[in-house]
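K.L.:
This is start-v3.tsv (TSV, C-alpha atoms and all ligand atoms).
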```tsv
chain	number	residue	atom	x	y	z
M	1087	MET	CA	0.00	0.00	0.00
M	1088	GLU	CA	1.39	3.36	-0.99
M	1089	ILE	CA	0.87	6.30	1.33
M	1090	LYS	CA	0.45	9.65	-0.41
M	1091	ASN	CA	-2.31	11.52	1.40
M	1092	VAL	CA	-1.99	12.14	5.10
M	1093	THR	CA	-4.40	13.85	7.51
M	1094	ILE	CA	-3.04	15.31	10.71
M	1095	ALA	CA	-5.76	15.56	13.36
M	1096	GLY	CA	-5.20	18.15	16.09
M	1097	ALA	CA	-3.36	21.26	14.90
M	1098	GLY	CA	-1.58	22.11	18.15
M	1099	VAL	CA	2.11	22.05	19.07
M	1100	LEU	CA	2.90	18.57	17.83
M	1101	GLY	CA	0.26	18.22	15.10
M	1102	SER	CA	1.54	21.39	13.43
M	1103	GLN	CA	5.12	20.12	13.47
M	1104	ILE	CA	4.16	16.67	12.11
M	1105	ALA	CA	2.07	18.30	9.36
M	1106	TRP	CA	4.93	20.56	8.30
M	1107	GLN	CA	7.54	17.79	8.33
M	1108	THR	CA	5.27	15.39	6.41
M	1109	ALA	CA	4.47	17.98	3.73
M	1110	PHE	CA	8.13	18.97	3.54
M	1111	MET	CA	9.00	15.33	2.81
M	1112	GLY	CA	6.64	15.26	-0.18
M	1113	PHE	CA	3.26	14.04	1.11
M	1114	ASN	CA	-0.09	15.78	0.58
M	1115	VAL	CA	-1.25	16.87	4.02
M	1116	VAL	CA	-4.62	18.01	5.33
M	1117	VAL	CA	-4.45	19.63	8.77
M	1118	TYR	CA	-7.68	19.02	10.67
M	1119	ASP	CA	-8.81	20.75	13.85
M	1120	PRO	CA	-12.43	21.46	14.86
M	1121	PHE	CA	-11.51	24.97	16.05
M	1122	GLU	CA	-10.92	27.77	13.53
M	1123	GLU	CA	-8.71	29.51	16.09
M	1124	SER	CA	-6.40	26.46	16.30
M	1125	ILE	CA	-6.18	26.32	12.50
M	1126	GLU	CA	-5.11	29.98	12.45
M	1127	LYS	CA	-2.47	29.24	15.11
M	1128	SER	CA	-1.24	26.30	13.08
M	1129	LYS	CA	-0.86	28.50	9.99
M	1130	ALA	CA	1.20	30.91	12.10
M	1131	PHE	CA	3.35	27.98	13.32
M	1132	HIS	CA	3.89	26.98	9.70
M	1133	LYS	CA	5.08	30.49	8.80
M	1134	GLY	CA	7.56	30.24	11.67
M	1135	PHE	CA	8.74	26.78	10.56
M	1136	ALA	CA	9.22	28.11	7.01
M	1137	ASP	CA	11.52	30.83	8.39
M	1138	LEU	CA	13.36	28.33	10.55
M	1139	PHE	CA	13.91	25.92	7.64
M	1140	LEU	CA	15.02	28.78	5.35
M	1141	ASN	CA	17.38	30.45	7.79
M	1142	LYS	CA	18.72	27.61	9.91
M	1143	ARG	CA	18.36	24.45	7.84
M	1144	ASN	CA	19.64	25.51	4.41
M	1145	VAL	CA	16.38	24.89	2.63
M	1146	SER	CA	15.52	26.77	-0.59
M	1147	GLN	CA	12.54	29.12	-1.10
M	1148	GLN	CA	11.33	26.70	-3.79
M	1149	GLN	CA	11.21	23.82	-1.28
M	1150	ILE	CA	9.24	26.03	1.12
M	1151	ASP	CA	6.78	27.02	-1.63
M	1152	GLU	CA	6.29	23.37	-2.60
M	1153	THR	CA	5.75	22.40	1.06
M	1154	ASN	CA	3.09	25.12	1.40
M	1155	LYS	CA	1.37	23.91	-1.78
M	1156	ARG	CA	1.06	20.41	-0.32
M	1157	LEU	CA	-0.57	21.72	2.89
M	1158	SER	CA	-4.28	22.38	3.27
M	1159	TYR	CA	-6.45	23.03	6.34
M	1160	SER	CA	-9.94	21.99	7.37
M	1161	THR	CA	-12.35	22.18	10.31
M	1162	ASN	CA	-14.55	19.48	8.75
M	1163	LEU	CA	-13.50	15.94	9.68
M	1164	LYS	CA	-15.49	14.24	6.91
M	1165	GLU	CA	-13.83	16.35	4.22
M	1166	ALA	CA	-10.42	16.21	5.89
M	1167	VAL	CA	-10.21	12.40	5.78
M	1168	ALA	CA	-12.13	11.70	2.56
M	1169	ASN	CA	-8.96	10.76	0.71
M	1170	ALA	CA	-6.61	9.86	3.57
M	1171	ASP	CA	-4.26	6.89	3.34
M	1172	LEU	CA	-3.11	7.58	6.90
M	1173	VAL	CA	-4.36	9.71	9.79
M	1174	SER	CA	-1.85	10.86	12.42
M	1175	GLU	CA	-3.74	11.91	15.56
M	1176	SER	CA	-2.43	14.57	17.98
M	1177	VAL	CA	-5.62	15.62	19.78
M	1178	PRO	CA	-5.40	16.58	23.50
M	1179	GLU	CA	-4.12	14.01	25.97
M	1180	VAL	CA	-7.57	13.43	27.50
M	1181	MET	CA	-9.13	9.97	27.26
M	1182	ASP	CA	-12.69	11.18	26.55
M	1183	ILE	CA	-11.49	13.46	23.73
M	1184	LYS	CA	-9.41	10.65	22.19
M	1185	LYS	CA	-12.33	8.20	22.36
M	1186	SER	CA	-14.88	10.58	20.90
M	1187	PHE	CA	-12.44	11.63	18.15
M	1188	TYR	CA	-11.89	7.99	17.10
M	1189	ASN	CA	-15.63	7.29	17.20
M	1190	ASP	CA	-16.18	10.13	14.72
M	1191	LEU	CA	-13.16	9.21	12.62
M	1192	ALA	CA	-14.41	5.61	12.30
M	1193	LYS	CA	-17.62	6.97	10.72
M	1194	PHE	CA	-15.92	9.16	8.12
M	1195	ALA	CA	-12.62	7.56	7.11
M	1196	PRO	CA	-12.50	5.29	4.05
M	1197	GLU	CA	-11.83	1.62	4.69
M	1198	LYS	CA	-8.22	1.86	3.48
M	1199	THR	CA	-7.17	4.49	6.03
M	1200	ILE	CA	-4.57	3.57	8.66
M	1201	PHE	CA	-4.93	5.37	12.01
M	1202	THR	CA	-1.91	6.29	14.14
M	1203	SER	CA	-1.88	7.95	17.56
M	1204	ASN	CA	0.82	10.27	18.88
M	1205	SER	CA	-0.32	9.92	22.50
M	1206	SER	CA	2.59	10.17	24.93
M	1207	THR	CA	0.99	8.44	27.90
M	1208	MET	CA	-2.01	6.41	26.70
M	1209	LEU	CA	-1.78	2.90	25.29
M	1210	PRO	CA	-3.38	2.30	21.86
M	1211	SER	CA	-5.40	-0.63	23.27
M	1212	SER	CA	-7.29	1.84	25.54
M	1213	TYR	CA	-9.19	3.18	22.54
M	1214	ALA	CA	-8.58	0.58	19.80
M	1215	GLN	CA	-12.26	-0.45	19.86
M	1216	GLU	CA	-13.41	3.13	19.17
M	1217	THR	CA	-11.41	3.12	15.91
M	1218	GLY	CA	-13.67	0.42	14.43
M	1219	ARG	CA	-10.53	-1.04	12.80
M	1220	PRO	CA	-8.14	-2.17	15.56
M	1221	GLU	CA	-6.06	-4.10	13.01
M	1222	LYS	CA	-5.20	-0.86	11.18
M	1223	PHE	CA	-4.55	1.13	14.36
M	1224	LEU	CA	-1.24	1.65	16.17
M	1225	ALA	CA	0.93	4.35	17.72
M	1226	LEU	CA	3.40	6.52	15.84
M	1227	HIS	CA	4.95	8.71	18.52
M	1228	PHE	CA	7.10	11.74	17.81
M	1229	ALA	CA	9.46	13.78	19.96
M	1230	ASN	CA	9.58	17.58	20.05
M	1231	PRO	CA	10.79	19.17	17.75
M	1232	VAL	CA	10.15	16.40	15.27
M	1233	TRP	CA	12.88	17.40	12.79
M	1234	ASP	CA	15.71	17.48	15.37
M	1235	ALA	CA	14.60	14.80	17.82
M	1236	ASN	CA	13.70	12.63	14.83
M	1237	VAL	CA	12.78	9.28	16.33
M	1238	GLY	CA	9.47	7.81	15.24
M	1239	GLU	CA	8.42	5.23	17.83
M	1240	VAL	CA	6.04	2.79	16.15
M	1241	MET	CA	4.12	0.63	18.63
M	1242	MET	CA	1.60	-2.15	18.03
M	1243	HIS	CA	-1.16	-3.24	20.36
M	1244	ASP	CA	-2.31	-6.87	20.54
M	1245	GLY	CA	-4.84	-6.42	17.77
M	1246	THR	CA	-2.63	-4.61	15.22
M	1247	ASP	CA	-2.03	-6.51	11.98
M	1248	PRO	CA	1.81	-6.70	11.57
M	1249	LYS	CA	1.34	-5.73	7.92
M	1250	TYR	CA	0.35	-2.20	9.03
M	1251	PHE	CA	3.21	-2.12	11.54
M	1252	ASP	CA	5.65	-2.52	8.62
M	1253	ILE	CA	3.83	0.09	6.52
M	1254	VAL	CA	3.96	2.65	9.35
M	1255	LEU	CA	7.66	1.92	10.06
M	1256	LYS	CA	8.36	2.65	6.38
M	1257	PHE	CA	6.18	5.79	6.49
M	1258	ALA	CA	8.08	7.06	9.56
M	1259	GLU	CA	11.32	6.64	7.63
M	1260	ASP	CA	9.88	8.34	4.55
M	1261	ILE	CA	9.07	11.46	6.58
M	1262	GLY	CA	12.61	11.69	7.92
M	1263	MET	CA	12.28	9.86	11.22
M	1264	VAL	CA	14.51	7.06	12.44
M	1265	PRO	CA	11.87	4.36	12.93
M	1266	ILE	CA	11.93	2.57	16.29
M	1267	PRO	CA	9.93	-0.69	16.23
M	1268	ILE	CA	8.09	-1.51	19.47
M	1269	HIS	CA	6.54	-4.94	19.23
M	1270	LYS	CA	4.33	-4.82	22.30
M	1271	GLU	CA	2.66	-2.11	24.30
M	1272	GLN	CA	4.91	-0.27	26.69
M	1273	SER	CA	3.78	2.81	28.55
M	1274	GLY	CA	6.34	5.52	27.75
M	1275	TYR	CA	7.58	3.72	24.63
M	1276	VAL	CA	11.40	3.32	24.56
M	1277	LEU	CA	12.45	6.93	25.11
M	1278	ASN	CA	10.38	7.77	28.17
M	1279	THR	CA	10.89	4.33	29.71
M	1280	LEU	CA	14.57	5.25	29.76
M	1281	LEU	CA	14.25	8.97	30.45
M	1282	VAL	CA	11.68	9.16	33.27
M	1283	PRO	CA	13.75	7.08	35.78
M	1284	LEU	CA	16.91	9.05	34.85
M	1285	LEU	CA	15.23	12.39	35.51
M	1286	SER	CA	13.62	11.10	38.68
M	1287	SER	CA	16.97	9.84	40.06
M	1288	ALA	CA	18.61	13.17	39.22
M	1289	GLN	CA	15.87	15.02	41.13
M	1290	TYR	CA	16.25	12.62	44.06
M	1291	LEU	CA	20.00	13.40	44.25
M	1292	TYR	CA	19.42	17.16	44.04
M	1293	PHE	CA	16.37	17.63	46.27
M	1294	ASN	CA	17.86	15.39	48.98
M	1295	GLY	CA	21.01	17.51	49.08
M	1296	VAL	CA	23.28	14.71	47.82
M	1297	SER	CA	24.87	16.93	45.16
M	1298	ASP	CA	24.28	20.14	43.22
M	1299	PHE	CA	22.56	20.11	39.82
M	1300	GLU	CA	25.63	21.19	37.84
M	1301	SER	CA	27.76	18.39	39.30
M	1302	ILE	CA	25.02	15.85	38.58
M	1303	ASP	CA	24.81	17.03	34.95
M	1304	LYS	CA	28.62	17.04	34.60
M	1305	THR	CA	28.84	13.47	35.88
M	1306	TRP	CA	26.31	12.29	33.31
M	1307	MET	CA	27.75	14.28	30.41
M	1308	ILE	CA	31.41	13.33	31.03
M	1309	SER	CA	30.78	9.68	31.66
M	1310	THR	CA	28.30	9.01	28.83
M	1311	GLY	CA	29.31	11.65	26.26
M	1312	ALA	CA	25.73	12.99	26.26
M	1313	LYS	CA	25.11	16.54	24.99
M	1314	PHE	CA	22.85	17.35	27.95
M	1315	GLY	CA	22.59	16.31	31.56
M	1316	PRO	CA	19.28	15.53	33.30
M	1317	PHE	CA	18.77	19.11	34.52
M	1318	GLY	CA	19.43	20.53	31.05
M	1319	ILE	CA	16.76	18.10	29.80
M	1320	ILE	CA	14.36	19.10	32.60
M	1321	ASP	CA	14.69	22.75	31.52
M	1322	MET	CA	13.81	21.77	27.94
M	1323	ILE	CA	10.75	19.75	28.98
M	1324	GLY	CA	9.61	22.53	31.32
M	1325	LEU	CA	9.29	22.54	35.11
M	1326	GLN	CA	5.49	22.56	34.91
M	1327	THR	CA	5.42	19.12	33.26
M	1328	VAL	CA	8.09	17.77	35.62
M	1329	TYR	CA	6.03	19.03	38.59
M	1330	HIS	CA	2.85	17.34	37.31
M	1331	ILE	CA	4.64	14.02	36.79
M	1332	ALA	CA	6.20	14.12	40.30
M	1333	LEU	CA	2.84	14.99	41.88
M	1334	MET	CA	0.90	12.39	39.91
M	1335	ASN	CA	3.40	9.57	40.58
M	1336	GLY	CA	3.76	10.63	44.23
M	1337	GLU	CA	0.01	10.57	44.83
M	1338	LYS	CA	-0.46	7.32	42.91
M	1339	THR	CA	2.19	5.46	44.93
M	1340	GLN	CA	1.66	7.44	48.17
M	1341	ASN	CA	5.38	8.26	48.03
M	1342	LYS	CA	5.92	11.15	50.48
M	1343	LEU	CA	9.43	11.92	49.16
M	1344	MET	CA	7.99	12.47	45.69
M	1345	ILE	CA	5.07	14.58	46.93
M	1346	ASP	CA	7.55	16.75	48.91
M	1347	ARG	CA	9.68	17.05	45.79
M	1348	ALA	CA	6.69	18.27	43.79
M	1349	ALA	CA	6.03	20.93	46.47
M	1350	LYS	CA	9.67	22.08	46.28
M	1351	ILE	CA	9.54	22.32	42.47
M	1352	LYS	CA	6.41	24.44	42.79
M	1353	ALA	CA	7.79	26.79	45.45
M	1354	GLU	CA	11.35	27.16	44.09
M	1355	PHE	CA	10.63	27.24	40.36
M	1356	ILE	CA	7.01	27.53	39.24
M	1357	ASP	CA	5.96	30.21	41.75
M	1358	GLU	CA	9.13	32.13	40.80
M	1359	GLY	CA	8.25	32.02	37.08
M	1360	LYS	CA	11.24	29.74	36.36
M	1361	MET	CA	9.58	27.28	34.00
M	1362	GLY	CA	12.75	26.32	32.13
M	1363	MET	CA	14.02	27.24	28.68
M	1364	SER	CA	10.65	28.67	27.59
M	1365	THR	CA	10.78	31.48	30.21
M	1366	GLY	CA	14.55	32.07	30.06
M	1367	GLU	CA	15.30	30.38	33.39
M	1368	GLY	CA	14.91	27.02	35.07
M	1369	PHE	CA	17.89	25.33	36.64
M	1370	TYR	CA	20.05	27.20	34.10
M	1371	LYS	CA	19.69	30.69	32.57
M	1372	TYR	CA	19.01	31.02	28.80
M	1373	PRO	CA	19.82	31.66	25.98
M	1374	ASN	CA	23.39	30.77	27.03
M	1375	PRO	CA	23.12	28.02	29.65
M	1376	LYS	CA	26.31	27.17	31.49
M	1377	TYR	CA	26.36	23.59	30.19
M	1378	LEU	CA	27.08	24.92	26.66
M	1379	ASP	CA	30.23	26.68	27.91
M	1380	PRO	CA	33.27	24.76	26.59
M	1381	ASP	CA	34.77	24.94	30.11
M	1382	PHE	CA	31.71	23.40	31.80
M	1383	LEU	CA	33.10	19.86	31.69
M	1384	LYS	CA	36.60	20.79	32.90
Q	1401	LIG	P1	-1.98	20.87	21.97
Q	1401	LIG	O1	-2.88	21.21	23.09
Q	1401	LIG	O2	-0.92	21.83	21.55
Q	1401	LIG	O3	-2.88	20.58	20.66
Q	1401	LIG	C1	-4.07	19.84	20.67
Q	1401	LIG	C2	-4.92	20.30	19.49
Q	1401	LIG	O4	-6.06	19.45	19.41
Q	1401	LIG	C3	-5.45	21.73	19.64
Q	1401	LIG	O5	-5.16	22.46	18.46
Q	1401	LIG	C4	-6.97	21.55	19.79
Q	1401	LIG	O6	-7.71	22.59	19.19
Q	1401	LIG	C5	-7.17	20.24	19.06
Q	1401	LIG	N1	-8.41	19.53	19.42
Q	1401	LIG	C6	-9.17	19.64	20.53
Q	1401	LIG	N2	-10.21	18.79	20.45
Q	1401	LIG	C7	-10.10	18.13	19.27
Q	1401	LIG	C8	-10.86	17.14	18.60
Q	1401	LIG	N3	-11.97	16.63	19.14
Q	1401	LIG	N4	-10.46	16.72	17.39
Q	1401	LIG	C9	-9.34	17.21	16.82
Q	1401	LIG	N5	-8.56	18.15	17.40
Q	1401	LIG	C10	-8.93	18.59	18.61
Q	1401	LIG	O7	-1.36	19.45	22.35
Q	1401	LIG	P2	0.03	18.78	21.86
Q	1401	LIG	O8	1.11	19.15	22.81
Q	1401	LIG	O9	0.20	18.99	20.41
Q	1401	LIG	O10	-0.31	17.25	22.16
Q	1401	LIG	C11	-1.18	16.51	21.34
Q	1401	LIG	C12	-0.84	15.05	21.44
Q	1401	LIG	O11	0.54	14.86	21.09
Q	1401	LIG	C13	-1.02	14.45	22.83
Q	1401	LIG	O12	-1.53	13.15	22.72
Q	1401	LIG	C14	0.41	14.43	23.38
Q	1401	LIG	O13	0.61	13.40	24.32
Q	1401	LIG	C15	1.20	14.16	22.13
Q	1401	LIG	N6	2.61	14.57	22.18
Q	1401	LIG	C16	2.96	15.84	22.58
Q	1401	LIG	C17	4.32	16.19	22.63
Q	1401	LIG	C18	4.74	17.60	23.05
Q	1401	LIG	O14	5.95	17.83	23.22
Q	1401	LIG	N7	3.83	18.57	23.17
Q	1401	LIG	C19	5.31	15.26	22.25
Q	1401	LIG	C20	4.91	13.98	21.81
Q	1401	LIG	C21	3.56	13.64	21.78
```
Output the file's structure as structure tokens, nothing else.

P.N.:
Amino acid sequence: MEIKNVTIAGAGVLGSQIAWQTAFMGFNVVVYDPFEESIEKSKAFHKGFADLFLNKRNVSQQQIDETNKRLSYSTNLKEAVANADLVSESVPEVMDIKKSFYNDLAKFAPEKTIFTSNSSTMLPSSYAQETGRPEKFLALHFANPVWDANVGEVMMHDGTDPKYFDIVLKFAEDIGMVPIPIHKEQSGYVLNTLLVPLLSSAQYLYFNGVSDFESIDKTWMISTGAKFGPFGIIDMIGLQTVYHIALMNGEKTQNKLMIDRAAKIKAEFIDEGKMGMSTGEGFYKYPNPKYLDPDFLK
């Protein structure tokens, strides 16, 4: 099966990036979002990505013009998927919204259409039934920003037909991702299964006064050759998200250390407006964080 026409559902942060990257790599893309305001925001994102690709990624004006020609926008789901070979879903991370979106999609999409979800925390099996075609449904998970952090984690659930697993792995590669095959459901895929415990251990060391955040980052960077340490990564993700994860996991497991940690993150960072890279300060100060200084690792 050849994939040519792709519909991106949910025109927010990630949907807009996936749409741009997919159109840039030569596919016809319809961006679908039920809200006109979100479509307008997505168009503004796309203008920004065009500038970024022109100025920072050595792309020609002709390539940008061709990418724009391949992009169209719609607030009507039926029209948006009428010709879709594949739908990539990036609607909000709320179970009821996901389920109701797939219920509607099942009504309108042609039989041939493959459905992929970009959910970061929900397993495809939790809403496979709503798709009406569990065998053609699986996860294709991106990292942010999709063109730099270009892994495409492709994950089956028990009911996925392996034929579509292979097609989606190939599609991920065709849009410039390095495809990562995940043969059974794993919450957090590969990346977050590795990353979440690392970031949690780093916070444990820091908030319990075992060491300072720069020394913890230096240890990781020197000994593994990584470009960033855990606190550099935390600043990129944003302290708000890290706070929510600590609070949620702490409450779920009744872990007092973790609940206390969440309270410290709130008081020392969030209440002070230090959300990380996005606000110019988190653990480090931006745009020139100390860990980029050539002397940092000496
Ligand atoms: P976002 O809030 O930026 O965008 C969500 C979009 O969905 C909005 O434009 C909203 O208008 C639209 N929407 C709301 N209801 C809808 C519906 N019924 N049908 C279609 N669209 C609808 O969210 P985001 O950060 O882009 O995240 C979207 C998905 O991508 C989530 O599942 C998230 O886990 C996943 N994801 C996010 C990131 C990230 O870094 N933000 C990374 C990987 C995966």

K.L.:
Show me, as a list in words, the residues that have an atom within 12 Å of Pro1373 of chain M when counting all atoms listed in the file, minus same-chain residues fewer than 5 positions from it.

P.N.:
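Listing them by chain and then by number gives Asp1321, Met1322, Gly1362, Met1363, Ser1364, Thr1365, Gly1366, Glu1367, Gly1368, Leu1378 and Asp1379 of chain M.
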
K.L.:
Write the residues of the preceding selection, restricted to C-alpha atoms, as a PDB file, in the frame of the given file.

P.N.:
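Listing of result05.pdb after writing:
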```
ATOM      1  CA  ASP M1321      14.690  22.750  31.520  1.00  0.00           C
ATOM      2  CA  MET M1322      13.810  21.770  27.940  1.00  0.00           C
ATOM      3  CA  GLY M1362      12.750  26.320  32.130  1.00  0.00           C
ATOM      4  CA  MET M1363      14.020  27.240  28.680  1.00  0.00           C
ATOM      5  CA  SER M1364      10.650  28.670  27.590  1.00  0.00           C
ATOM      6  CA  THR M1365      10.780  31.480  30.210  1.00  0.00           C
ATOM      7  CA  GLY M1366      14.550  32.070  30.060  1.00  0.00           C
ATOM      8  CA  GLU M1367      15.300  30.380  33.390  1.00  0.00           C
ATOM      9  CA  GLY M1368      14.910  27.020  35.070  1.00  0.00           C
ATOM     10  CA  LEU M1378      27.080  24.920  26.660  1.00  0.00           C
ATOM     11  CA  ASP M1379      30.230  26.680  27.910  1.00  0.00           C
TER      12      ASP M1379
END
```

K.L.:
Counting all atoms listed in the file, what residues are within 9 Å of ligand LIG 1401 (chain Q), given as a CSV table (one decimal) with C-alpha atoms, in the coordinates of the input?

P.N.:
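The result, stored in part08.csv:
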```csv
chain,number,residue,atom,x,y,z
M,1094,ILE,CA,-3.0,15.3,10.7
M,1095,ALA,CA,-5.8,15.6,13.4
M,1096,GLY,CA,-5.2,18.2,16.1
M,1097,ALA,CA,-3.4,21.3,14.9
M,1098,GLY,CA,-1.6,22.1,18.2
M,1099,VAL,CA,2.1,22.0,19.1
M,1100,LEU,CA,2.9,18.6,17.8
M,1101,GLY,CA,0.3,18.2,15.1
M,1102,SER,CA,1.5,21.4,13.4
M,1103,GLN,CA,5.1,20.1,13.5
M,1118,TYR,CA,-7.7,19.0,10.7
M,1119,ASP,CA,-8.8,20.8,13.8
M,1120,PRO,CA,-12.4,21.5,14.9
M,1121,PHE,CA,-11.5,25.0,16.0
M,1122,GLU,CA,-10.9,27.8,13.5
M,1123,GLU,CA,-8.7,29.5,16.1
M,1124,SER,CA,-6.4,26.5,16.3
M,1125,ILE,CA,-6.2,26.3,12.5
M,1127,LYS,CA,-2.5,29.2,15.1
M,1128,SER,CA,-1.2,26.3,13.1
M,1161,THR,CA,-12.4,22.2,10.3
M,1163,LEU,CA,-13.5,15.9,9.7
M,1175,GLU,CA,-3.7,11.9,15.6
M,1176,SER,CA,-2.4,14.6,18.0
M,1177,VAL,CA,-5.6,15.6,19.8
M,1178,PRO,CA,-5.4,16.6,23.5
M,1179,GLU,CA,-4.1,14.0,26.0
M,1180,VAL,CA,-7.6,13.4,27.5
M,1183,ILE,CA,-11.5,13.5,23.7
M,1184,LYS,CA,-9.4,10.6,22.2
M,1186,SER,CA,-14.9,10.6,20.9
M,1187,PHE,CA,-12.4,11.6,18.2
M,1188,TYR,CA,-11.9,8.0,17.1
M,1190,ASP,CA,-16.2,10.1,14.7
M,1203,SER,CA,-1.9,8.0,17.6
M,1204,ASN,CA,0.8,10.3,18.9
M,1205,SER,CA,-0.3,9.9,22.5
M,1206,SER,CA,2.6,10.2,24.9
M,1207,THR,CA,1.0,8.4,27.9
M,1208,MET,CA,-2.0,6.4,26.7
M,1227,HIS,CA,5.0,8.7,18.5
M,1228,PHE,CA,7.1,11.7,17.8
M,1229,ALA,CA,9.5,13.8,20.0
M,1230,ASN,CA,9.6,17.6,20.0
M,1231,PRO,CA,10.8,19.2,17.8
M,1232,VAL,CA,10.2,16.4,15.3
M,1323,ILE,CA,10.8,19.8,29.0
```

K.L.:
From the options M:Ser1287, M:Gln1326, M:Ser1160, M:Asn1141, which residue's atoms come nearest to Asp1357 of chain M, counting only C-alpha atoms?

P.N.:
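Comparing M:Ser1287, M:Gln1326, M:Ser1160, M:Asn1141 against Asp1357 of chain M, the winner is M:Gln1326.
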
K.L.:
Once 5 Å is added on each side, what are the centre and the three edge lengths, in Å to one decimal, of the axis-aligned box enclosing the listed atoms of segment 1149-1155 of chain M? Present them as lines of an AutoDock Vina configuration file.

P.N.:
```
center_x = 6.3
center_y = 24.7
center_z = -0.6
size_x = 19.8
size_y = 14.6
size_z = 14.0
```

K.L.:
Which residues are near Ile1268 of chain M? Cut-off 9 Å, all atoms listed in the file, ignore same chain within fewer than 4 positions. Put them as JSON, numbers by chain.

P.N.:
{"M": [1239, 1240, 1241, 1242, 1272, 1275, 1276]}

K.L.:
So what do you get for atom CA of Gly1134 of chain M versus atom CA of Ile1266 of chain M, distance-wise?

P.N.:
28.4 Å

K.L.:
Can you work out which one of M:Ile1150, M:Val1237, M:Ile1089, M:Ile1200 has the shortest atom-to-atom distance to Gly1218 of chain M, counting all atoms listed in the file?

P.N.:
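Closest candidate: M:Ile1200.
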
K.L.:
What is the distance between atom CA of Met1344 of chain M and atom CA of Ala1312 of chain M, in Å to one decimal?

P.N.:
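So the two atoms, atom CA of Met1344 of chain M and atom CA of Ala1312 of chain M, lie 26.3 Å apart.
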
K.L.:
Which neighbours of Val1167 of chain M fall inside 10 Å, counting all atoms listed in the file, when residues of the same chain fewer than 5 positions from it are skipped, and could you give them as a ChimeraX atom specification?

P.N.:
/M:1091-1095,1116-1118,1160,1162,1172-1173,1191,1194-1196,1199

K.L.:
What is the distance, in Å and to one decimal place, between atom CA of Leu1209 of chain M and atom CA of Ala1109 of chain M?

P.N.:
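A separation of 27.0 Å between them.
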